[in-house]
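Source file: structure_7.pdb. Holds: PDB, C-alpha atoms, pLDDT in the B column.
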ATOM      1  CA  MET A   1       6.132 -64.279   3.831  1.00 44.00           C
ATOM      2  CA  LEU A   2       7.441 -63.962   0.268  1.00 47.00           C
ATOM      3  CA  LEU A   3       3.883 -63.777  -1.104  1.00 47.00           C
ATOM      4  CA  ASN A   4       3.083 -60.837   1.202  1.00 49.00           C
ATOM      5  CA  LYS A   5       6.097 -58.976  -0.153  1.00 50.00           C
ATOM      6  CA  TRP A   6       4.773 -59.257  -3.732  1.00 49.00           C
ATOM      7  CA  MET A   7       1.214 -58.363  -2.733  1.00 50.00           C
ATOM      8  CA  LYS A   8       2.335 -55.164  -1.028  1.00 54.00           C
ATOM      9  CA  ARG A   9       0.765 -52.042  -2.480  1.00 63.00           C
ATOM     10  CA  HIS A  10       2.863 -49.160  -3.635  1.00 71.00           C
ATOM     11  CA  THR A  11       2.111 -45.525  -4.302  1.00 81.00           C
ATOM     12  CA  LEU A  12       2.037 -44.136  -7.837  1.00 88.00           C
ATOM     13  CA  THR A  13       2.969 -40.483  -8.061  1.00 95.00           C
ATOM     14  CA  LEU A  14       2.531 -37.706 -10.615  1.00 97.00           C
ATOM     15  CA  TYR A  15       4.688 -34.608 -10.273  1.00 97.00           C
ATOM     16  CA  ALA A  16       4.140 -31.010 -11.383  1.00 98.00           C
ATOM     17  CA  PRO A  17       4.992 -30.511 -15.066  1.00 98.00           C
ATOM     18  CA  MET A  18       5.810 -26.802 -14.572  1.00 98.00           C
ATOM     19  CA  GLU A  19       6.848 -24.255 -11.971  1.00 98.00           C
ATOM     20  CA  GLY A  20       4.069 -21.970 -10.776  1.00 97.00           C
ATOM     21  CA  ASP A  21       0.897 -22.074  -8.698  1.00 97.00           C
ATOM     22  CA  ILE A  22      -1.187 -25.267  -8.629  1.00 97.00           C
ATOM     23  CA  ILE A  23      -4.911 -24.623  -8.975  1.00 97.00           C
ATOM     24  CA  PRO A  24      -7.935 -26.940  -9.066  1.00 97.00           C
ATOM     25  CA  LEU A  25      -9.057 -27.877 -12.553  1.00 96.00           C
ATOM     26  CA  GLU A  26     -12.459 -26.356 -11.745  1.00 96.00           C
ATOM     27  CA  GLN A  27     -10.836 -22.883 -11.766  1.00 97.00           C
ATOM     28  CA  VAL A  28      -9.653 -23.133 -15.389  1.00 97.00           C
ATOM     29  CA  ALA A  29     -11.559 -20.668 -17.610  1.00 96.00           C
ATOM     30  CA  ASP A  30     -12.427 -23.315 -20.199  1.00 97.00           C
ATOM     31  CA  PRO A  31     -15.348 -25.711 -19.635  1.00 96.00           C
ATOM     32  CA  VAL A  32     -13.597 -28.584 -21.420  1.00 96.00           C
ATOM     33  CA  PHE A  33     -11.129 -28.602 -18.537  1.00 97.00           C
ATOM     34  CA  SER A  34     -13.120 -27.107 -15.643  1.00 96.00           C
ATOM     35  CA  GLU A  35     -16.011 -29.529 -16.180  1.00 97.00           C
ATOM     36  CA  LYS A  36     -13.525 -32.400 -16.521  1.00 96.00           C
ATOM     37  CA  MET A  37     -14.820 -33.448 -19.929  1.00 96.00           C
ATOM     38  CA  MET A  38     -11.408 -34.931 -20.777  1.00 95.00           C
ATOM     39  CA  GLY A  39     -10.703 -36.296 -17.298  1.00 96.00           C
ATOM     40  CA  ASP A  40      -9.555 -35.215 -13.857  1.00 97.00           C
ATOM     41  CA  GLY A  41      -6.357 -33.386 -13.036  1.00 97.00           C
ATOM     42  CA  ILE A  42      -4.871 -30.092 -11.918  1.00 98.00           C
ATOM     43  CA  ALA A  43      -3.731 -26.902 -13.606  1.00 98.00           C
ATOM     44  CA  ILE A  44      -0.714 -24.697 -13.113  1.00 98.00           C
ATOM     45  CA  LYS A  45      -0.414 -20.945 -13.516  1.00 98.00           C
ATOM     46  CA  PRO A  46       3.180 -21.079 -14.760  1.00 98.00           C
ATOM     47  CA  THR A  47       6.028 -18.798 -13.782  1.00 97.00           C
ATOM     48  CA  ASN A  48       8.484 -20.590 -16.069  1.00 96.00           C
ATOM     49  CA  GLY A  49       7.862 -21.929 -19.577  1.00 97.00           C
ATOM     50  CA  THR A  50       9.692 -25.245 -19.238  1.00 98.00           C
ATOM     51  CA  VAL A  51       7.372 -28.288 -19.243  1.00 98.00           C
ATOM     52  CA  VAL A  52       8.788 -31.534 -17.858  1.00 98.00           C
ATOM     53  CA  ALA A  53       7.586 -35.120 -17.638  1.00 98.00           C
ATOM     54  CA  PRO A  54       5.336 -35.627 -14.588  1.00 98.00           C
ATOM     55  CA  ALA A  55       6.092 -39.372 -14.514  1.00 97.00           C
ATOM     56  CA  ASN A  56       8.187 -42.029 -16.192  1.00 97.00           C
ATOM     57  CA  GLY A  57       6.604 -43.067 -19.464  1.00 97.00           C
ATOM     58  CA  THR A  58       6.440 -42.864 -23.234  1.00 98.00           C
ATOM     59  CA  ILE A  59       5.496 -39.901 -25.419  1.00 98.00           C
ATOM     60  CA  VAL A  60       2.336 -40.918 -27.291  1.00 98.00           C
ATOM     61  CA  GLN A  61       1.306 -37.577 -28.780  1.00 98.00           C
ATOM     62  CA  VAL A  62       2.819 -34.234 -29.745  1.00 98.00           C
ATOM     63  CA  ALA A  63       0.248 -31.823 -31.144  1.00 97.00           C
ATOM     64  CA  PRO A  64       1.195 -30.458 -34.596  1.00 97.00           C
ATOM     65  CA  THR A  65       0.828 -26.984 -33.070  1.00 96.00           C
ATOM     66  CA  LYS A  66       3.237 -28.009 -30.254  1.00 97.00           C
ATOM     67  CA  HIS A  67       0.924 -26.742 -27.484  1.00 97.00           C
ATOM     68  CA  ALA A  68       0.060 -30.179 -26.041  1.00 97.00           C
ATOM     69  CA  ILE A  69       1.860 -33.422 -25.272  1.00 98.00           C
ATOM     70  CA  GLY A  70       0.510 -36.847 -24.332  1.00 98.00           C
ATOM     71  CA  ILE A  71       2.379 -39.336 -22.149  1.00 98.00           C
ATOM     72  CA  ARG A  72       1.489 -42.926 -21.249  1.00 98.00           C
ATOM     73  CA  THR A  73       2.992 -43.670 -17.852  1.00 95.00           C
ATOM     74  CA  GLU A  74       4.489 -46.992 -16.854  1.00 91.00           C
ATOM     75  CA  ASP A  75       1.291 -47.755 -14.887  1.00 90.00           C
ATOM     76  CA  GLY A  76      -0.929 -47.104 -17.941  1.00 94.00           C
ATOM     77  CA  ALA A  77      -2.201 -43.611 -17.106  1.00 96.00           C
ATOM     78  CA  GLU A  78      -2.565 -41.407 -20.170  1.00 97.00           C
ATOM     79  CA  ILE A  79      -1.649 -37.845 -19.333  1.00 98.00           C
ATOM     80  CA  LEU A  80      -2.328 -34.761 -21.421  1.00 98.00           C
ATOM     81  CA  ILE A  81      -0.377 -31.575 -20.710  1.00 98.00           C
ATOM     82  CA  HIS A  82      -2.052 -28.653 -22.496  1.00 98.00           C
ATOM     83  CA  VAL A  83      -0.018 -25.434 -22.358  1.00 98.00           C
ATOM     84  CA  GLY A  84      -2.326 -22.432 -22.215  1.00 97.00           C
ATOM     85  CA  LEU A  85      -5.896 -21.903 -23.341  1.00 97.00           C
ATOM     86  CA  ASP A  86      -6.700 -21.490 -27.034  1.00 96.00           C
ATOM     87  CA  THR A  87      -2.968 -21.700 -27.774  1.00 96.00           C
ATOM     88  CA  VAL A  88      -3.714 -24.046 -30.687  1.00 94.00           C
ATOM     89  CA  GLU A  89      -4.511 -20.790 -32.527  1.00 95.00           C
ATOM     90  CA  LEU A  90      -0.836 -19.718 -32.249  1.00 96.00           C
ATOM     91  CA  SER A  91       0.279 -22.345 -34.802  1.00 94.00           C
ATOM     92  CA  GLY A  92       3.190 -23.520 -32.671  1.00 94.00           C
ATOM     93  CA  ASP A  93       5.118 -20.227 -32.716  1.00 93.00           C
ATOM     94  CA  PRO A  94       5.734 -19.831 -28.951  1.00 96.00           C
ATOM     95  CA  PHE A  95       6.697 -23.507 -28.431  1.00 98.00           C
ATOM     96  CA  THR A  96       9.873 -25.556 -28.820  1.00 98.00           C
ATOM     97  CA  VAL A  97       9.361 -29.311 -28.459  1.00 98.00           C
ATOM     98  CA  HIS A  98      12.230 -31.426 -27.074  1.00 98.00           C
ATOM     99  CA  VAL A  99      10.741 -34.934 -27.584  1.00 98.00           C
ATOM    100  CA  THR A 100       9.133 -37.034 -30.306  1.00 98.00           C
ATOM    101  CA  VAL A 101       6.444 -39.718 -30.235  1.00 98.00           C
ATOM    102  CA  GLY A 102       7.923 -42.977 -28.974  1.00 98.00           C
ATOM    103  CA  ASP A 103      10.573 -41.384 -26.741  1.00 98.00           C
ATOM    104  CA  HIS A 104      10.890 -42.797 -23.213  1.00 98.00           C
ATOM    105  CA  VAL A 105      11.061 -40.056 -20.580  1.00 98.00           C
ATOM    106  CA  ASP A 106      11.748 -40.018 -16.860  1.00 97.00           C
ATOM    107  CA  VAL A 107      10.291 -37.617 -14.287  1.00 97.00           C
ATOM    108  CA  GLY A 108      11.728 -34.148 -14.854  1.00 97.00           C
ATOM    109  CA  HIS A 109      12.792 -34.743 -18.475  1.00 98.00           C
ATOM    110  CA  PRO A 110      12.188 -31.516 -20.503  1.00 98.00           C
ATOM    111  CA  LEU A 111       9.272 -32.002 -22.931  1.00 98.00           C
ATOM    112  CA  LEU A 112       8.809 -28.536 -24.352  1.00 98.00           C
ATOM    113  CA  THR A 113       9.545 -24.891 -23.725  1.00 98.00           C
ATOM    114  CA  ALA A 114       6.840 -22.234 -24.045  1.00 98.00           C
ATOM    115  CA  ASP A 115       7.518 -18.524 -24.454  1.00 98.00           C
ATOM    116  CA  LEU A 116       5.055 -17.328 -21.809  1.00 98.00           C
ATOM    117  CA  GLU A 117       5.506 -13.671 -22.726  1.00 97.00           C
ATOM    118  CA  GLN A 118       4.679 -14.361 -26.389  1.00 97.00           C
ATOM    119  CA  ILE A 119       1.560 -16.286 -25.307  1.00 97.00           C
ATOM    120  CA  HIS A 120       0.475 -13.345 -23.112  1.00 97.00           C
ATOM    121  CA  GLN A 121       1.148 -10.848 -25.923  1.00 97.00           C
ATOM    122  CA  ALA A 122      -1.111 -12.912 -28.174  1.00 97.00           C
ATOM    123  CA  GLY A 123      -3.896 -12.428 -25.613  1.00 97.00           C
ATOM    124  CA  LYS A 124      -3.940 -16.057 -24.468  1.00 97.00           C
ATOM    125  CA  ASP A 125      -4.013 -17.468 -20.946  1.00 97.00           C
ATOM    126  CA  THR A 126      -0.912 -19.491 -19.987  1.00 98.00           C
ATOM    127  CA  VAL A 127      -2.710 -21.668 -17.412  1.00 98.00           C
ATOM    128  CA  THR A 128      -1.652 -25.256 -18.101  1.00 98.00           C
ATOM    129  CA  PRO A 129      -4.000 -28.167 -17.353  1.00 98.00           C
ATOM    130  CA  MET A 130      -2.571 -31.635 -16.743  1.00 98.00           C
ATOM    131  CA  ILE A 131      -5.268 -34.284 -17.184  1.00 97.00           C
ATOM    132  CA  VAL A 132      -5.373 -38.060 -16.729  1.00 97.00           C
ATOM    133  CA  THR A 133      -7.563 -38.780 -19.749  1.00 97.00           C
ATOM    134  CA  ASN A 134      -8.180 -42.472 -19.023  1.00 96.00           C
ATOM    135  CA  GLY A 135      -8.636 -42.252 -15.252  1.00 93.00           C
ATOM    136  CA  SER A 136     -11.967 -44.092 -15.290  1.00 91.00           C
ATOM    137  CA  ASP A 137     -10.285 -47.058 -17.028  1.00 93.00           C
ATOM    138  CA  LEU A 138      -7.490 -47.394 -14.468  1.00 92.00           C
ATOM    139  CA  PRO A 139      -7.771 -49.895 -11.607  1.00 90.00           C
ATOM    140  CA  HIS A 140      -6.254 -47.258  -9.308  1.00 88.00           C
ATOM    141  CA  PRO A 141      -7.833 -43.778  -9.281  1.00 88.00           C
ATOM    142  CA  TYR A 142      -5.534 -40.810  -8.763  1.00 94.00           C
ATOM    143  CA  SER A 143      -6.201 -38.243  -6.040  1.00 95.00           C
ATOM    144  CA  PHE A 144      -5.145 -34.762  -7.110  1.00 96.00           C
ATOM    145  CA  HIS A 145      -3.615 -32.162  -4.801  1.00 92.00           C
ATOM    146  CA  ALA A 146      -4.122 -28.509  -5.781  1.00 91.00           C
ATOM    147  CA  GLY A 147      -2.984 -25.396  -4.012  1.00 91.00           C
ATOM    148  CA  GLY A 148       0.393 -23.842  -3.386  1.00 93.00           C
ATOM    149  CA  PRO A 149       3.537 -23.434  -5.417  1.00 95.00           C
ATOM    150  CA  SER A 150       5.021 -26.137  -7.628  1.00 95.00           C
ATOM    151  CA  LEU A 151       8.530 -27.093  -8.600  1.00 95.00           C
ATOM    152  CA  SER A 152       8.607 -28.909 -11.926  1.00 95.00           C
ATOM    153  CA  GLY A 153       9.355 -32.600 -11.556  1.00 95.00           C
ATOM    154  CA  LYS A 154       9.509 -32.315  -7.753  1.00 96.00           C
ATOM    155  CA  THR A 155       6.127 -31.260  -6.312  1.00 96.00           C
ATOM    156  CA  VAL A 156       3.634 -34.121  -5.939  1.00 96.00           C
ATOM    157  CA  VAL A 157       0.302 -33.254  -7.601  1.00 96.00           C
ATOM    158  CA  ALA A 158      -1.392 -36.674  -7.646  1.00 96.00           C
ATOM    159  CA  GLN A 159      -1.100 -40.105  -6.072  1.00 94.00           C
ATOM    160  CA  ALA A 160      -2.732 -43.511  -6.433  1.00 91.00           C
ATOM    161  CA  GLU A 161      -2.346 -46.812  -4.624  1.00 85.00           C
ATOM    162  CA  GLN A 162      -1.569 -49.805  -6.790  1.00 75.00           C
TER     163      GLN A 162
END

Any chance you could put this one into structure tokens?
Amino acid sequence: MLLNKWMKRHTLTLYAPMEGDIIPLEQVADPVFSEKMMGDGIAIKPTNGTVVAPANGTIVQVAPTKHAIGIRTEDGAEILIHVGLDTVELSGDPFTVHVTVGDHVDVGHPLLTADLEQIHQAGKDTVTPMIVTNGSDLPHPYSFHAGGPSLSGKTVVAQAEQ
């Protein structure tokens, strides 16, 4: 009986990192994302510039240009949140980062704030891919759920059984 309790599977969950509309990765206007060259995931057309942690984990990367953040979740998934397309060209101006590499974060913890209007004025798309970059190395593949509105840190966008 006790052994069965420990062998019980549980569901791993990733939540939306931003408020907006969840779209399939295949609809992102950049082949690196739409062709899943970096891994599988979803994208969000944001209505709010606050990016939050989609899972409990540790910050493993903050791009020098502040447009992307990497998180390693407690289950070993490595997640990349990339705010906008070609926003690396903006040299960090529309972004304020709230975390540093090594910080532990919980679901919903603010990671960065993006000035969506400034990104639009610069002629860039604000669509934000969220990718599991090491999905093929995980013993539990994530299933992604696209479509509909998202609430940051609350709407489920992916699940896996562990």

If we count only C-alpha atoms, what is near segment 63-68 of chain A at a cut-off of 12 Å, once residues fewer than 5 positions away on the same chain are taken out, given as a PyMOL selection string?
chain A and resi 49+51+79-101+111-116+119+126-131

What does the file look like for those residues with C-alpha atoms, as a short mmCIF file (atom, residue, chain, number, x, y, z; two decimals), in the frame of the given file?
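What follows is the written file result.cif:
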data_model
loop_
_atom_site.label_atom_id
_atom_site.label_comp_id
_atom_site.auth_asym_id
_atom_site.auth_seq_id
_atom_site.Cartn_x
_atom_site.Cartn_y
_atom_site.Cartn_z
CA GLY A 49 7.86 -21.93 -19.58
CA VAL A 51 7.37 -28.29 -19.24
CA ILE A 79 -1.65 -37.84 -19.33
CA LEU A 80 -2.33 -34.76 -21.42
CA ILE A 81 -0.38 -31.58 -20.71
CA HIS A 82 -2.05 -28.65 -22.50
CA VAL A 83 -0.02 -25.43 -22.36
CA GLY A 84 -2.33 -22.43 -22.22
CA LEU A 85 -5.90 -21.90 -23.34
CA ASP A 86 -6.70 -21.49 -27.03
CA THR A 87 -2.97 -21.70 -27.77
CA VAL A 88 -3.71 -24.05 -30.69
CA GLU A 89 -4.51 -20.79 -32.53
CA LEU A 90 -0.84 -19.72 -32.25
CA SER A 91 0.28 -22.34 -34.80
CA GLY A 92 3.19 -23.52 -32.67
CA ASP A 93 5.12 -20.23 -32.72
CA PRO A 94 5.73 -19.83 -28.95
CA PHE A 95 6.70 -23.51 -28.43
CA THR A 96 9.87 -25.56 -28.82
CA VAL A 97 9.36 -29.31 -28.46
CA HIS A 98 12.23 -31.43 -27.07
CA VAL A 99 10.74 -34.93 -27.58
CA THR A 100 9.13 -37.03 -30.31
CA VAL A 101 6.44 -39.72 -30.24
CA LEU A 111 9.27 -32.00 -22.93
CA LEU A 112 8.81 -28.54 -24.35
CA THR A 113 9.54 -24.89 -23.72
CA ALA A 114 6.84 -22.23 -24.04
CA ASP A 115 7.52 -18.52 -24.45
CA LEU A 116 5.06 -17.33 -21.81
CA ILE A 119 1.56 -16.29 -25.31
CA THR A 126 -0.91 -19.49 -19.99
CA VAL A 127 -2.71 -21.67 -17.41
CA THR A 128 -1.65 -25.26 -18.10
CA PRO A 129 -4.00 -28.17 -17.35
CA MET A 130 -2.57 -31.64 -16.74
CA ILE A 131 -5.27 -34.28 -17.18
#

Considering all atoms listed in the file, state which residue in the set A:Pro46, A:Val52, A:Met37, A:Gly76 is at the smallest distance from Asp125 of chain A.
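Smallest separation from Asp125 of chain A among the options: A:Pro46.
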
At a cut-off of 12 Å around the point (-7.2, -39.1, -12.7) (file coordinates), what residues fall inside when counting all atoms listed in the file? I'd like the answer as a PyMOL selection string.
chain A and resi 12-14+25+36-42+76-80+130-145+157-160

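Between atom CA of His104 of chain A and atom CA of Ile44 of chain A lies a distance of 23.8 Å.
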
I would like the residues chosen by the PyMOL selection byres ((chain A and resi 151-155) around 9) on the shown file; could you give them as a PyMOL selection string?
chain A and resi 14-20+50-55+107-109+149-150+156-157

Evaluate the PyMOL selection byres ((chain A and resi 56) around 7) here and jot the selected residues down as number ranges by chain.
A: 55, 57, 73-74, 105-107

Mind listing as a ChimeraX atom specification all residues within 6 Å of (-5.1, -23.5, -8.3), counting all atoms listed in the file?
/A:22-24,146-147

So, counting all atoms listed in the file, which residue among A:Glu26, A:Asp21, A:Asp75, A:Glu117 is closest to Lys45 of chain A?
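The closest residue to Lys45 of chain A is A:Asp21.
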
Would you mind exporting segment 57-78 of chain A with N, CA, C and O atoms, as an mmCIF file, in the first residue's frame?
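What follows is the written file selection-v9.cif:
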data_model
loop_
_atom_site.group_PDB
_atom_site.id
_atom_site.type_symbol
_atom_site.label_atom_id
_atom_site.label_comp_id
_atom_site.auth_asym_id
_atom_site.auth_seq_id
_atom_site.Cartn_x
_atom_site.Cartn_y
_atom_site.Cartn_z
ATOM 1 N N GLY A 57 10.912 27.331 -10.246
ATOM 2 C CA GLY A 57 12.221 26.971 -10.770
ATOM 3 C C GLY A 57 13.286 27.997 -10.457
ATOM 4 O O GLY A 57 13.124 28.851 -9.581
ATOM 5 N N THR A 58 14.372 27.911 -11.222
ATOM 6 C CA THR A 58 15.529 28.779 -11.036
ATOM 7 C C THR A 58 15.828 29.515 -12.335
ATOM 8 O O THR A 58 15.800 28.914 -13.417
ATOM 9 N N ILE A 59 16.140 30.788 -12.227
ATOM 10 C CA ILE A 59 16.524 31.587 -13.397
ATOM 11 C C ILE A 59 17.918 31.137 -13.826
ATOM 12 O O ILE A 59 18.861 31.182 -13.030
ATOM 13 N N VAL A 60 18.043 30.682 -15.070
ATOM 14 C CA VAL A 60 19.330 30.207 -15.575
ATOM 15 C C VAL A 60 19.905 31.120 -16.650
ATOM 16 O O VAL A 60 21.072 30.990 -17.007
ATOM 17 N N GLN A 61 19.080 32.037 -17.163
ATOM 18 C CA GLN A 61 19.578 32.941 -18.202
ATOM 19 C C GLN A 61 18.722 34.205 -18.231
ATOM 20 O O GLN A 61 17.499 34.146 -18.138
ATOM 21 N N VAL A 62 19.408 35.347 -18.346
ATOM 22 C CA VAL A 62 18.762 36.618 -18.657
ATOM 23 C C VAL A 62 19.579 37.199 -19.809
ATOM 24 O O VAL A 62 20.780 37.435 -19.661
ATOM 25 N N ALA A 63 18.938 37.372 -20.950
ATOM 26 C CA ALA A 63 19.658 37.891 -22.115
ATOM 27 C C ALA A 63 20.199 39.291 -21.796
ATOM 28 O O ALA A 63 19.511 40.078 -21.139
ATOM 29 N N PRO A 64 21.420 39.603 -22.260
ATOM 30 C CA PRO A 64 21.964 40.949 -22.036
ATOM 31 C C PRO A 64 21.037 42.050 -22.567
ATOM 32 O O PRO A 64 21.033 43.152 -22.032
ATOM 33 N N THR A 65 20.262 41.733 -23.582
ATOM 34 C CA THR A 65 19.325 42.708 -24.151
ATOM 35 C C THR A 65 17.949 42.619 -23.485
ATOM 36 O O THR A 65 17.001 43.258 -23.958
ATOM 37 N N LYS A 66 17.832 41.846 -22.419
ATOM 38 C CA LYS A 66 16.661 41.759 -21.546
ATOM 39 C C LYS A 66 15.385 41.241 -22.206
ATOM 40 O O LYS A 66 14.338 41.225 -21.589
ATOM 41 N N HIS A 67 15.446 40.798 -23.443
ATOM 42 C CA HIS A 67 14.244 40.372 -24.165
ATOM 43 C C HIS A 67 13.884 38.902 -23.947
ATOM 44 O O HIS A 67 12.822 38.466 -24.370
ATOM 45 N N ALA A 68 14.753 38.141 -23.288
ATOM 46 C CA ALA A 68 14.520 36.706 -23.105
ATOM 47 C C ALA A 68 15.052 36.248 -21.750
ATOM 48 O O ALA A 68 16.074 36.748 -21.278
ATOM 49 N N ILE A 69 14.313 35.290 -21.171
ATOM 50 C CA ILE A 69 14.693 34.735 -19.875
ATOM 51 C C ILE A 69 14.583 33.215 -19.942
ATOM 52 O O ILE A 69 13.639 32.682 -20.534
ATOM 53 N N GLY A 70 15.544 32.540 -19.327
ATOM 54 C CA GLY A 70 15.525 31.083 -19.238
ATOM 55 C C GLY A 70 15.297 30.634 -17.807
ATOM 56 O O GLY A 70 15.873 31.195 -16.883
ATOM 57 N N ILE A 71 14.451 29.622 -17.650
ATOM 58 C CA ILE A 71 14.128 29.065 -16.335
ATOM 59 C C ILE A 71 14.315 27.549 -16.399
ATOM 60 O O ILE A 71 13.914 26.916 -17.371
ATOM 61 N N ARG A 72 14.919 26.987 -15.360
ATOM 62 C CA ARG A 72 14.953 25.520 -15.219
ATOM 63 C C ARG A 72 13.952 25.189 -14.119
ATOM 64 O O ARG A 72 14.099 25.630 -12.985
ATOM 65 N N THR A 73 12.927 24.425 -14.493
ATOM 66 C CA THR A 73 11.875 24.096 -13.531
ATOM 67 C C THR A 73 12.355 23.026 -12.572
ATOM 68 O O THR A 73 13.383 22.369 -12.801
ATOM 69 N N GLU A 74 11.592 22.821 -11.517
ATOM 70 C CA GLU A 74 11.947 21.819 -10.518
ATOM 71 C C GLU A 74 11.970 20.410 -11.095
ATOM 72 O O GLU A 74 12.640 19.537 -10.562
ATOM 73 N N ASP A 75 11.249 20.182 -12.212
ATOM 74 C CA ASP A 75 11.252 18.852 -12.839
ATOM 75 C C ASP A 75 12.307 18.739 -13.939
ATOM 76 O O ASP A 75 12.382 17.734 -14.615
ATOM 77 N N GLY A 76 13.131 19.773 -14.130
ATOM 78 C CA GLY A 76 14.230 19.714 -15.090
ATOM 79 C C GLY A 76 13.943 20.298 -16.452
ATOM 80 O O GLY A 76 14.832 20.355 -17.303
ATOM 81 N N ALA A 77 12.719 20.753 -16.698
ATOM 82 C CA ALA A 77 12.410 21.385 -17.991
ATOM 83 C C ALA A 77 13.125 22.733 -18.074
ATOM 84 O O ALA A 77 13.163 23.491 -17.103
ATOM 85 N N GLU A 78 13.696 22.996 -19.229
ATOM 86 C CA GLU A 78 14.349 24.291 -19.465
ATOM 87 C C GLU A 78 13.449 25.105 -20.381
ATOM 88 O O GLU A 78 13.177 24.704 -21.515
#
